[in-house]
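Here is the structure we will look at, set down as structure tokens.
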Amino acid sequence: MDLTWLSPILLVLALAGCGYGLIAALLAGRFAARIPARLAADAARPSVTMLKPLCGMEPNLYENLETFCRQDYAGLVQIVFGVQNAADPAIGVVRRLQEAHPSARIDLVIDARQHGSNRKVSNLINMSALIANDVIVLADSDMVVRPDYLERVVAELSAPGIGGVTCLYHGVPAHRGIHAHLSGLAIDVQFLPNVVMGTALKLAKPCFGSTIAFRRTALSAIGGFEAFRDDLADDYAIGEALRIHVGEVAIPNFTIGHTCVDTEMSGLWRHELRWNRTIRNVDPAGYAGSVVTHAFPLALIGALLPGAGHSALVVAALALACRILLCVRLERAFGLEPHAYWLLPIRDMLSFANFSWSFVSGAVTWKGHDYRVVADGTLIPEATLSRDAEATSV
């Protein structure tokens with residue numbers, strides 16, 4: 001088969017990706033330099049309820065959760081943790097936090113009720129009965145924040161026309177293993193620049209599980225958590241509902257930490273495949289177009305094809321150089337720890353393979369449970385599909 005025509009196409013896409021990376025580096029610096037919203041020093045702070053759904057023991061779970069207990073915030077703060085299994089080891093972590101912070105209001109909900117296919121949202125529905133305050137802040141269990149996090153999030157939420165707040169995040173490897181560092185690189189050199197570029201060009205309106213803050217009245221306006229009980233991309237769906245019914249969703253100019261816990265390639269692959277398929281369902285056209293962000297793999301494949309010539313290797317080298325430049329720029333803009341740059345070509349090849357495979361099927365694994373993602377982004381448990389198939393065959 002004659003494939004000489006394919007190499008030039010891949011190299012053009014790779015060059016476009018180089019340009020994309022350079023523009024993203026520029027925009028990241030501008031994003032991080034924005035003047036943040038601030039509350040007046042003498043202004044009363046609204047009371048806040050932070051919701052933390054938990055499922056199982058994760059590396060650094062106590063340390064991550066404790067950062068939310070150590071907030072320099074002058075208003076009243078309630079933290080509600082929730083689990084769906086009375087034997088969940090995360091319960092012991094919450095008990096330790098309650099003992100270590102006796103003056104803090106830390107509540108725990110243990111409720112096995114399942115309201116839909118999205119287990120996290122079911123957990124939130126069970127927890128919502130204990131919400132006591134005016135401002136609600138959701139945050140995933142693997143996030144780590146600085147002491148001024150709550151103050152800055154509430155300041156953004158208090159700005160005129162803002163219906164919600166979400167936060168960018170960066171990778172924090174939980175250990176020195178290569179898989180955790182590869183996971184962190186995926187967040188820092190792919191997720192971060194893509195979001196910065198998408199929001200700057202008004203091509204994306206994201207909302208992330210890292211943080212979703214809104215007022216209690218807004219939760220009622222969007223139909224409560226029950227409205228999202230079957231959504232794979234529940235965070236995105238909540239953000240979209242807030243924009244429609246309440247106001248814009250702001251993204252502050254700082255990042256918070258996302259603990260990267262992968263210890264083996266299979267877990268890393270499944271984790272990233274779920275991310276990719278979530279994004280593909282939320283924005284299919286944008287996701288397909290993001291192929292240009294994989295400049296180095298495209299150039300390398302183009303260089304290996306018949307008739308590529310030495311210029312293809314030059315493009316591959318340029319793509320890798322642009323990738324390193326983007327990584328350095330992001331580190332400086334958001335105050336991130338320096339990465340092992342020799343991992344970048346491995347990271348890029350793995351990302352391209354995962355990106356390509358995400359188009360093959362809609363299966364995802366989430367917290368040990370297997371699901372099938374249908375066209376509208378709804379989660380269908382594989383067990384349900386198997387039962388339906390058996391019933392049909394009978």
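Quick note on naming: the chains in the structure tokens go A, B, ... in the order shown, residues restart at 1 in each chain, and ligands are numbered from 1 in order of appearance.
Those residues that approach A:Leu76 to within 9 Å, counting only C-alpha atoms, are Arg45, Pro46, Ser47, Val48, Thr49, Arg105 and Asn133 of chain A; same-chain residues fewer than 4 positions away are not listed.
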Discussion item. At a cut-off of 7 Å, using only C-alpha atoms, what residues contact A:Arg347? Leave out same-chain residues fewer than 4 positions from it and give the result as a PyMOL selection string.
Written reply: chain A and resi 182+343+351
Item to complete: Would you list, as a list of chain:residue names, the residues of stretch 56-132 of chain A that end up in strand (DSSP E or B) under DSSP run on this structure's backbone?
Response: A:Val77, A:Gln78, A:Ile79, A:Val80, A:Phe81, A:Gly82, A:Val83, A:Arg105, A:Ile106, A:Asp107, A:Leu108, A:Val109, A:Ile110
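Here atom CA of A:Ala129 stands at a distance of 17.4 Å from atom CA of A:Gly116.
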Can you check which parts of stretch 136-247 of chain A lie within 7 Å of stretch 254-260 of chain A? Per residue, the shortest pair of atoms and distance in Å to one decimal, counting only C-alpha atoms, sorted by chain and number, as a tab-separated table.
```
residue	atom	partner	partner_atom	distance
A:Asp142	CA	A:Thr259	CA	5.3
A:Met143	CA	A:His258	CA	4.7
A:Val144	CA	A:Gly257	CA	4.8
A:Val145	CA	A:Ile256	CA	5.5
A:Cys167	CA	A:Thr255	CA	6.3
A:Leu168	CA	A:Thr255	CA	4.8
A:Tyr169	CA	A:Thr255	CA	4.6
A:His170	CA	A:Gly257	CA	5.1
A:Gly171	CA	A:His258	CA	5.0
A:Val172	CA	A:Thr259	CA	4.7
A:Pro173	CA	A:Cys260	CA	4.7
A:Ala174	CA	A:Cys260	CA	5.6
A:Ala180	CA	A:Cys260	CA	5.3
A:Ser183	CA	A:Cys260	CA	6.1
A:Gly184	CA	A:Cys260	CA	6.1
```
Worksheet entry | Selection near A:Thr293, 9 Å with only C-alpha atoms, sequence-local residues under 3 positions removed, as a count of residues only | 12
Fill in: Residue neighbourhood stretch 123-128 of chain A, 7 Å, only C-alpha atoms, exclusion window fewer than 4 positions, as a PyMOL selection string
chain A and resi 53+82-84+109+111+119+225-226
Atoms kept (all heavy atoms) for selection, written as a PDB file, in the first residue's frame:
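Everything below was put into result-v8.pdb:
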```pdb
ATOM      1  N   PRO A  53     -17.279  13.819  48.959  1.00  0.00           N
ATOM      2  CA  PRO A  53     -17.663  12.410  48.793  1.00  0.00           C
ATOM      3  C   PRO A  53     -16.420  11.521  48.788  1.00  0.00           C
ATOM      4  O   PRO A  53     -15.427  11.830  48.122  1.00  0.00           O
ATOM      5  CB  PRO A  53     -18.375  12.395  47.442  1.00  0.00           C
ATOM      6  CG  PRO A  53     -17.841  13.584  46.708  1.00  0.00           C
ATOM      7  CD  PRO A  53     -17.518  14.610  47.740  1.00  0.00           C
ATOM      8  N   GLY A  82     -18.928  11.956  53.030  1.00  0.00           N
ATOM      9  CA  GLY A  82     -19.946  10.944  52.791  1.00  0.00           C
ATOM     10  C   GLY A  82     -19.376   9.668  52.205  1.00  0.00           C
ATOM     11  O   GLY A  82     -18.493   9.713  51.341  1.00  0.00           O
ATOM     12  N   VAL A  83     -19.861   8.531  52.687  1.00  0.00           N
ATOM     13  CA  VAL A  83     -19.507   7.223  52.136  1.00  0.00           C
ATOM     14  C   VAL A  83     -20.791   6.419  51.968  1.00  0.00           C
ATOM     15  O   VAL A  83     -21.817   6.711  52.590  1.00  0.00           O
ATOM     16  CB  VAL A  83     -18.522   6.451  53.042  1.00  0.00           C
ATOM     17  CG1 VAL A  83     -17.209   7.201  53.197  1.00  0.00           C
ATOM     18  CG2 VAL A  83     -19.147   6.184  54.413  1.00  0.00           C
ATOM     19  N   GLN A  84     -20.729   5.385  51.134  1.00  0.00           N
ATOM     20  CA  GLN A  84     -21.907   4.557  50.889  1.00  0.00           C
ATOM     21  C   GLN A  84     -21.767   3.145  51.435  1.00  0.00           C
ATOM     22  O   GLN A  84     -22.663   2.328  51.238  1.00  0.00           O
ATOM     23  CB  GLN A  84     -22.191   4.514  49.386  1.00  0.00           C
ATOM     24  CG  GLN A  84     -22.680   5.841  48.819  1.00  0.00           C
ATOM     25  CD  GLN A  84     -23.141   5.712  47.383  1.00  0.00           C
ATOM     26  OE1 GLN A  84     -22.335   5.607  46.472  1.00  0.00           O
ATOM     27  NE2 GLN A  84     -24.448   5.716  47.176  1.00  0.00           N
ATOM     28  N   VAL A 109     -21.615  11.272  56.763  1.00  0.00           N
ATOM     29  CA  VAL A 109     -22.836  10.600  56.334  1.00  0.00           C
ATOM     30  C   VAL A 109     -22.467   9.208  55.818  1.00  0.00           C
ATOM     31  O   VAL A 109     -21.604   9.075  54.949  1.00  0.00           O
ATOM     32  CB  VAL A 109     -23.548  11.389  55.216  1.00  0.00           C
ATOM     33  CG1 VAL A 109     -24.741  10.611  54.684  1.00  0.00           C
ATOM     34  CG2 VAL A 109     -23.981  12.751  55.726  1.00  0.00           C
ATOM     35  N   ASP A 111     -24.437   6.242  54.110  1.00  0.00           N
ATOM     36  CA  ASP A 111     -25.754   5.972  53.522  1.00  0.00           C
ATOM     37  C   ASP A 111     -25.560   5.158  52.245  1.00  0.00           C
ATOM     38  O   ASP A 111     -24.924   5.635  51.300  1.00  0.00           O
ATOM     39  CB  ASP A 111     -26.464   7.288  53.215  1.00  0.00           C
ATOM     40  CG  ASP A 111     -27.932   7.101  52.879  1.00  0.00           C
ATOM     41  OD1 ASP A 111     -28.302   6.022  52.382  1.00  0.00           O
ATOM     42  OD2 ASP A 111     -28.714   8.054  53.084  1.00  0.00           O
ATOM     43  N   ARG A 119     -22.257   6.874  41.052  1.00  0.00           N
ATOM     44  CA  ARG A 119     -22.153   6.626  42.489  1.00  0.00           C
ATOM     45  C   ARG A 119     -21.721   7.861  43.269  1.00  0.00           C
ATOM     46  O   ARG A 119     -22.142   8.065  44.415  1.00  0.00           O
ATOM     47  CB  ARG A 119     -21.183   5.462  42.741  1.00  0.00           C
ATOM     48  CG  ARG A 119     -21.713   4.134  42.238  1.00  0.00           C
ATOM     49  CD  ARG A 119     -20.719   3.003  42.376  1.00  0.00           C
ATOM     50  NE  ARG A 119     -21.315   1.758  41.935  1.00  0.00           N
ATOM     51  CZ  ARG A 119     -22.003   0.923  42.719  1.00  0.00           C
ATOM     52  NH1 ARG A 119     -22.166   1.221  43.996  1.00  0.00           N
ATOM     53  NH2 ARG A 119     -22.525  -0.179  42.234  1.00  0.00           N
ATOM     54  N   PHE A 225     -28.908  17.761  43.230  1.00  0.00           N
ATOM     55  CA  PHE A 225     -27.981  16.757  42.695  1.00  0.00           C
ATOM     56  C   PHE A 225     -28.710  15.636  41.957  1.00  0.00           C
ATOM     57  O   PHE A 225     -28.117  14.941  41.121  1.00  0.00           O
ATOM     58  CB  PHE A 225     -27.126  16.179  43.824  1.00  0.00           C
ATOM     59  CG  PHE A 225     -26.194  17.170  44.449  1.00  0.00           C
ATOM     60  CD1 PHE A 225     -26.255  17.443  45.810  1.00  0.00           C
ATOM     61  CD2 PHE A 225     -25.260  17.841  43.682  1.00  0.00           C
ATOM     62  CE1 PHE A 225     -25.394  18.359  46.395  1.00  0.00           C
ATOM     63  CE2 PHE A 225     -24.402  18.761  44.255  1.00  0.00           C
ATOM     64  CZ  PHE A 225     -24.466  19.024  45.619  1.00  0.00           C
ATOM     65  N   GLU A 226     -29.984  15.467  42.242  1.00  0.00           N
ATOM     66  CA  GLU A 226     -30.746  14.401  41.602  1.00  0.00           C
ATOM     67  C   GLU A 226     -30.758  14.531  40.078  1.00  0.00           C
ATOM     68  O   GLU A 226     -30.856  13.529  39.356  1.00  0.00           O
ATOM     69  CB  GLU A 226     -32.192  14.406  42.114  1.00  0.00           C
ATOM     70  CG  GLU A 226     -32.359  13.964  43.558  1.00  0.00           C
ATOM     71  CD  GLU A 226     -32.132  15.086  44.562  1.00  0.00           C
ATOM     72  OE1 GLU A 226     -31.714  16.201  44.129  1.00  0.00           O
ATOM     73  OE2 GLU A 226     -32.352  14.869  45.758  1.00  0.00           O
TER      74      GLU A 226
END
```
So that each row is one residue of stretch 257-303 of chain A with an atom at most 9 Å from stretch 230-249 of chain A, can you give its shortest atom pair and the distance in Å to one decimal, using only C-alpha atoms, rows by chain and rising number, as a tab-separated table?
```
residue	atom	partner	partner_atom	distance
A:Thr278	CA	A:Ala233	CA	6.0
A:Ile279	CA	A:Ala233	CA	8.1
A:Asn281	CA	A:Ala233	CA	8.4
A:Val282	CA	A:Ala233	CA	7.5
```
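By only C-alpha atoms, and with residues fewer than 3 positions from A:Phe31 along its chain excluded, the set lying at most 8 Å from it is Leu27, Ala28, Arg34, Val196 and Asn253 of chain A.
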Would you save the residues from that selection as a PDB file, in the first residue's frame, using all heavy atoms?
```
ATOM      1  N   LEU A  27      -0.569  32.172  26.463  1.00  0.00           N
ATOM      2  CA  LEU A  27      -1.839  32.406  27.138  1.00  0.00           C
ATOM      3  C   LEU A  27      -1.803  31.960  28.606  1.00  0.00           C
ATOM      4  O   LEU A  27      -2.471  32.555  29.452  1.00  0.00           O
ATOM      5  CB  LEU A  27      -2.960  31.678  26.402  1.00  0.00           C
ATOM      6  CG  LEU A  27      -3.290  32.212  25.001  1.00  0.00           C
ATOM      7  CD1 LEU A  27      -4.369  31.347  24.346  1.00  0.00           C
ATOM      8  CD2 LEU A  27      -3.744  33.662  25.068  1.00  0.00           C
ATOM      9  N   ALA A  28      -1.038  30.913  28.909  1.00  0.00           N
ATOM     10  CA  ALA A  28      -0.932  30.449  30.298  1.00  0.00           C
ATOM     11  C   ALA A  28      -0.327  31.529  31.176  1.00  0.00           C
ATOM     12  O   ALA A  28      -0.771  31.741  32.317  1.00  0.00           O
ATOM     13  CB  ALA A  28      -0.104  29.170  30.359  1.00  0.00           C
ATOM     14  N   ARG A  34      -3.549  37.296  35.785  1.00  0.00           N
ATOM     15  CA  ARG A  34      -4.782  38.060  35.967  1.00  0.00           C
ATOM     16  C   ARG A  34      -4.933  38.507  37.419  1.00  0.00           C
ATOM     17  O   ARG A  34      -4.511  37.814  38.351  1.00  0.00           O
ATOM     18  CB  ARG A  34      -6.003  37.225  35.579  1.00  0.00           C
ATOM     19  CG  ARG A  34      -6.099  36.909  34.096  1.00  0.00           C
ATOM     20  CD  ARG A  34      -7.408  36.185  33.812  1.00  0.00           C
ATOM     21  NE  ARG A  34      -7.668  35.131  34.785  1.00  0.00           N
ATOM     22  CZ  ARG A  34      -8.772  34.398  34.801  1.00  0.00           C
ATOM     23  NH1 ARG A  34      -9.718  34.602  33.898  1.00  0.00           N
ATOM     24  NH2 ARG A  34      -8.928  33.454  35.697  1.00  0.00           N
ATOM     25  N   VAL A 196      -6.684  26.315  29.238  1.00  0.00           N
ATOM     26  CA  VAL A 196      -6.337  27.728  29.092  1.00  0.00           C
ATOM     27  C   VAL A 196      -6.626  28.205  27.668  1.00  0.00           C
ATOM     28  O   VAL A 196      -7.208  29.277  27.458  1.00  0.00           O
ATOM     29  CB  VAL A 196      -4.858  27.954  29.459  1.00  0.00           C
ATOM     30  CG1 VAL A 196      -4.409  29.353  29.050  1.00  0.00           C
ATOM     31  CG2 VAL A 196      -4.642  27.759  30.957  1.00  0.00           C
ATOM     32  N   ASN A 253      -7.311  32.379  38.858  1.00  0.00           N
ATOM     33  CA  ASN A 253      -6.021  32.298  38.162  1.00  0.00           C
ATOM     34  C   ASN A 253      -5.007  31.413  38.875  1.00  0.00           C
ATOM     35  O   ASN A 253      -3.817  31.467  38.568  1.00  0.00           O
ATOM     36  CB  ASN A 253      -5.429  33.701  37.997  1.00  0.00           C
ATOM     37  CG  ASN A 253      -5.004  34.310  39.331  1.00  0.00           C
ATOM     38  OD1 ASN A 253      -5.530  33.953  40.389  1.00  0.00           O
ATOM     39  ND2 ASN A 253      -4.061  35.225  39.282  1.00  0.00           N
TER      40      ASN A 253
END
```
